[in-house]
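Everything below concerns the one structure shown next.
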There are 2 protein chains.
Amino acid sequence: MAEFDPEAIRVVACDIFGTTVDWRTGVAEQVAEIAAARGVDLDAGGFADAWRDRYPPSMQRVNRAERDWAYLDTLHRESLDELLDEHGVAHAFDDLARQELVHTWHRLPAWEDAVEGLSRLRDRHVLVALSNGGFALLTHLVKAARLPFDAVLSAELARAYKPAARAYLTAAELLDVEPARILMVAAHAWDIDGARNAGLRTAFLERPREKGPHRTADRAADVTSDLAVSGFRELADSLGC
Amino acid sequence: MAEFDPEAIRVVACDIFGTTVDWRTGVAEQVAEIAAARGVDLDAGGFADAWRDRYPPSMQRVNRAERDWAYLDTLHRESLDELLDEHGVAHAFDDLARQELVHTWHRLPAWEDAVEGLSRLRDRHVLVALSNGGFALLTHLVKAARLPFDAVLSAELARAYKPAARAYLTAAELLDVEPARILMVAAHAWDIDGARNAGLRTAFLERPREKGPHRTADRAADVTSDLAVSGFRELADSLGC
């Protein structure tokens, strides 16, 4: 692949869960609240971790065509049902409560550097969200967290989840830009690898606190990417914004 | 159809060309500039009118499946090629100049009430663009005019042009909302009719100057819609924003 030239970048595409928003804090806080309202005592952080753990295998089943396309909300609901059973608390959460739990993923806090860094990036680039979340989920999340994207793109539009190449290439087609003119920003090695394999340029954004205090997040030293940064402000610096 | 209840509306979907931006002024000014740079004397306003006139028949051919899906940029380019021939100025515009002309539709001025009215609407509703323009075109246009949408939606995502029901219903599916909870805002009777036929609620927004000084734009008196307003500020007032 040619040397990385920041001037060639037209579009900055940002992963959302973990990269732009702090899913663990957001989900755990809301789960704790919803559980408490039902008199259920739950380790909400551990519950959020266990829920997130089920996400990669569930989307892989879609990408391997072991099942038809299913929205992230559907995958979240299925893994939630299993988790509540395993925790022996299924009785305490009716359908409405489970919908409420699934919707915790629609409203998550931005990392503290996100809004400022994204605003600077937007001044010089087309700035989009590119996530495995559904289009509706992402639209709600981006609105609630006031993230200044120019447009929302979702794996749903490709009906293939990242890291499948089609998820990235559909974004390039919709934006009418060569893949090599898109910089994919993500905090996960698998996303960076998927983007690179699809011909995009990549920026690994390290989020050491993504998985909470007891787990290790992906680290720049272990990831092959064009850029490695500690947050959106540093990314804006790197791109001269 | 049930009585219109503003409280039931979750999403405000806005047409773009004519409704939110002043395509005629924007295209005419840019065409005049590009033509002048090539030493061509052209009635730019009349040229913009004639170009726009070819748009409904060109998109109808797609909707009637008389041809495969084609982007609005492609339709614009085809009708441009015909127009330049008819004006006897084809020789003065090479491929690059024609691309430049097609791109005039990517950068158009907002009507003076749009940014303020849209900002107010966005505070209480999910606010999206829903246009026959391609996703890339709309993303560029919305960015350049600083229109505060939460998300960009395009007929391209349905591969069917408004007023085909599929263009509106795909938007409802992507936003995970019942069609009756979307308010379609448009300055054209055909768009309002298409939205109503698809089960959306409708707001006709009158733009008497849309077609320039010599032509008559659609008028509220001739259109059946849930609301009729003179601009985005009045729409925000009507919805209690």
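Chain labels follow the order of the structure tokens: the first chain is A, the next B, and so on; residue numbering restarts at 1 in every chain, and ligands are counted from 1 in their shown order.
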Run DSSP on the backbone and tell me which residues of stretch 37-191 of chain B come out as alpha helix (DSSP H); list them as a ChimeraX atom specification. /B:37,44-53,55-63,72-86,95-102,114-124,135-144,165-174,189-191
Would you write out, as CSV, a table of all residues in stretch 82-150 of chain B that have an atom no more than 12 Å from an atom of stretch 203-213 of chain B, listing for each the closest atom pair and the distance in Å to one decimal, considering only C-alpha atoms and ordering rows by chain and rising residue number?
residue,atom,partner,partner_atom,distance
B:Ala110,CA,B:Glu210,CA,11.7
B:Trp111,CA,B:Arg207,CA,9.3
B:Glu112,CA,B:Arg207,CA,11.5
B:Asp113,CA,B:Arg207,CA,11.2
B:Ala114,CA,B:Leu205,CA,11.3
Limited to N, CA and C atoms, could you put the picked residues into a file as a short mmCIF file (atom, residue, chain, number, x, y, z; two decimals), in the first residue's frame?
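Once everything was written out, this is selection_14.cif:
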data_model
loop_
_atom_site.label_atom_id
_atom_site.label_comp_id
_atom_site.auth_asym_id
_atom_site.auth_seq_id
_atom_site.Cartn_x
_atom_site.Cartn_y
_atom_site.Cartn_z
N ALA B 110 -29.02 27.77 1.04
CA ALA B 110 -30.25 27.52 1.81
C ALA B 110 -31.16 28.74 1.69
N TRP B 111 -32.47 28.53 1.69
CA TRP B 111 -33.40 29.65 1.84
C TRP B 111 -33.14 30.29 3.19
N GLU B 112 -33.43 31.59 3.29
CA GLU B 112 -32.98 32.34 4.47
C GLU B 112 -33.56 31.84 5.79
N ASP B 113 -34.72 31.20 5.76
CA ASP B 113 -35.36 30.72 6.99
C ASP B 113 -34.93 29.30 7.39
N ALA B 114 -34.16 28.64 6.51
CA ALA B 114 -33.96 27.20 6.68
C ALA B 114 -33.13 26.85 7.92
#
Chain A residues near chain B within 8 Å, closest pair each, using only C-alpha atoms, as JSON lines:
{"residue": "A:Val126", "atom": "CA", "partner": "B:His140", "partner_atom": "CA", "distance": 7.8}
{"residue": "A:Gly134", "atom": "CA", "partner": "B:Leu174", "partner_atom": "CA", "distance": 7.8}
{"residue": "A:Phe135", "atom": "CA", "partner": "B:Leu174", "partner_atom": "CA", "distance": 5.7}
{"residue": "A:Ala136", "atom": "CA", "partner": "B:Leu175", "partner_atom": "CA", "distance": 4.4}
{"residue": "A:Thr139", "atom": "CA", "partner": "B:Ala151", "partner_atom": "CA", "distance": 6.4}
{"residue": "A:His140", "atom": "CA", "partner": "B:Val126", "partner_atom": "CA", "distance": 7.8}
{"residue": "A:Val142", "atom": "CA", "partner": "B:Asp150", "partner_atom": "CA", "distance": 7.6}
{"residue": "A:Lys143", "atom": "CA", "partner": "B:Asp150", "partner_atom": "CA", "distance": 6.2}
{"residue": "A:Asp150", "atom": "CA", "partner": "B:Lys143", "partner_atom": "CA", "distance": 6.2}
{"residue": "A:Ala151", "atom": "CA", "partner": "B:Ala151", "partner_atom": "CA", "distance": 5.4}
{"residue": "A:Val152", "atom": "CA", "partner": "B:Ala151", "partner_atom": "CA", "distance": 5.7}
{"residue": "A:Leu157", "atom": "CA", "partner": "B:Leu157", "partner_atom": "CA", "distance": 7.6}
{"residue": "A:Leu174", "atom": "CA", "partner": "B:Phe135", "partner_atom": "CA", "distance": 5.7}
{"residue": "A:Leu175", "atom": "CA", "partner": "B:Ala136", "partner_atom": "CA", "distance": 4.4}
{"residue": "A:Asp176", "atom": "CA", "partner": "B:Ala136", "partner_atom": "CA", "distance": 5.9}
Prev. selection, N, CA and C atoms, output as a CSV table (one decimal), in the first residue's frame:
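Result file selection_32.csv:
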chain,number,residue,atom,x,y,z
A,126,VAL,N,-15.2,15.4,5.1
A,126,VAL,CA,-16.6,14.9,5.3
A,126,VAL,C,-16.4,13.9,6.4
A,134,GLY,N,-27.6,-0.2,13.9
A,134,GLY,CA,-28.5,0.1,12.9
A,134,GLY,C,-28.7,1.6,12.6
A,135,PHE,N,-29.2,1.9,11.5
A,135,PHE,CA,-29.3,3.4,11.1
A,135,PHE,C,-30.1,4.1,12.1
A,136,ALA,N,-31.2,3.6,12.6
A,136,ALA,CA,-32.1,4.3,13.6
A,136,ALA,C,-31.3,4.4,14.9
A,139,THR,N,-28.7,7.1,14.5
A,139,THR,CA,-29.2,8.4,14.4
A,139,THR,C,-29.6,8.9,15.8
A,140,HIS,N,-30.3,8.1,16.6
A,140,HIS,CA,-30.6,8.5,17.9
A,140,HIS,C,-29.4,8.8,18.8
A,142,VAL,N,-26.3,9.5,17.9
A,142,VAL,CA,-25.5,10.7,17.5
A,142,VAL,C,-26.2,12.0,17.9
A,143,LYS,N,-27.5,11.9,17.8
A,143,LYS,CA,-28.3,13.1,18.1
A,143,LYS,C,-28.2,13.4,19.7
A,150,ASP,N,-21.4,14.7,9.6
A,150,ASP,CA,-22.1,15.2,8.4
A,150,ASP,C,-23.2,14.2,8.0
A,151,ALA,N,-23.0,12.9,8.2
A,151,ALA,CA,-23.9,11.9,7.8
A,151,ALA,C,-23.7,10.7,8.6
A,152,VAL,N,-24.8,9.9,8.8
A,152,VAL,CA,-24.7,8.6,9.5
A,152,VAL,C,-24.7,7.5,8.5
A,157,LEU,N,-26.9,-0.5,5.9
A,157,LEU,CA,-27.0,-0.1,4.5
A,157,LEU,C,-26.4,-1.1,3.6
A,174,LEU,N,-21.6,4.9,-1.4
A,174,LEU,CA,-22.6,5.9,-1.1
A,174,LEU,C,-22.0,7.3,-1.1
A,175,LEU,N,-20.7,7.4,-0.6
A,175,LEU,CA,-20.1,8.8,-0.5
A,175,LEU,C,-19.4,9.1,-1.8
A,176,ASP,N,-19.4,8.2,-2.8
A,176,ASP,CA,-18.8,8.4,-4.1
A,176,ASP,C,-17.3,8.8,-4.0
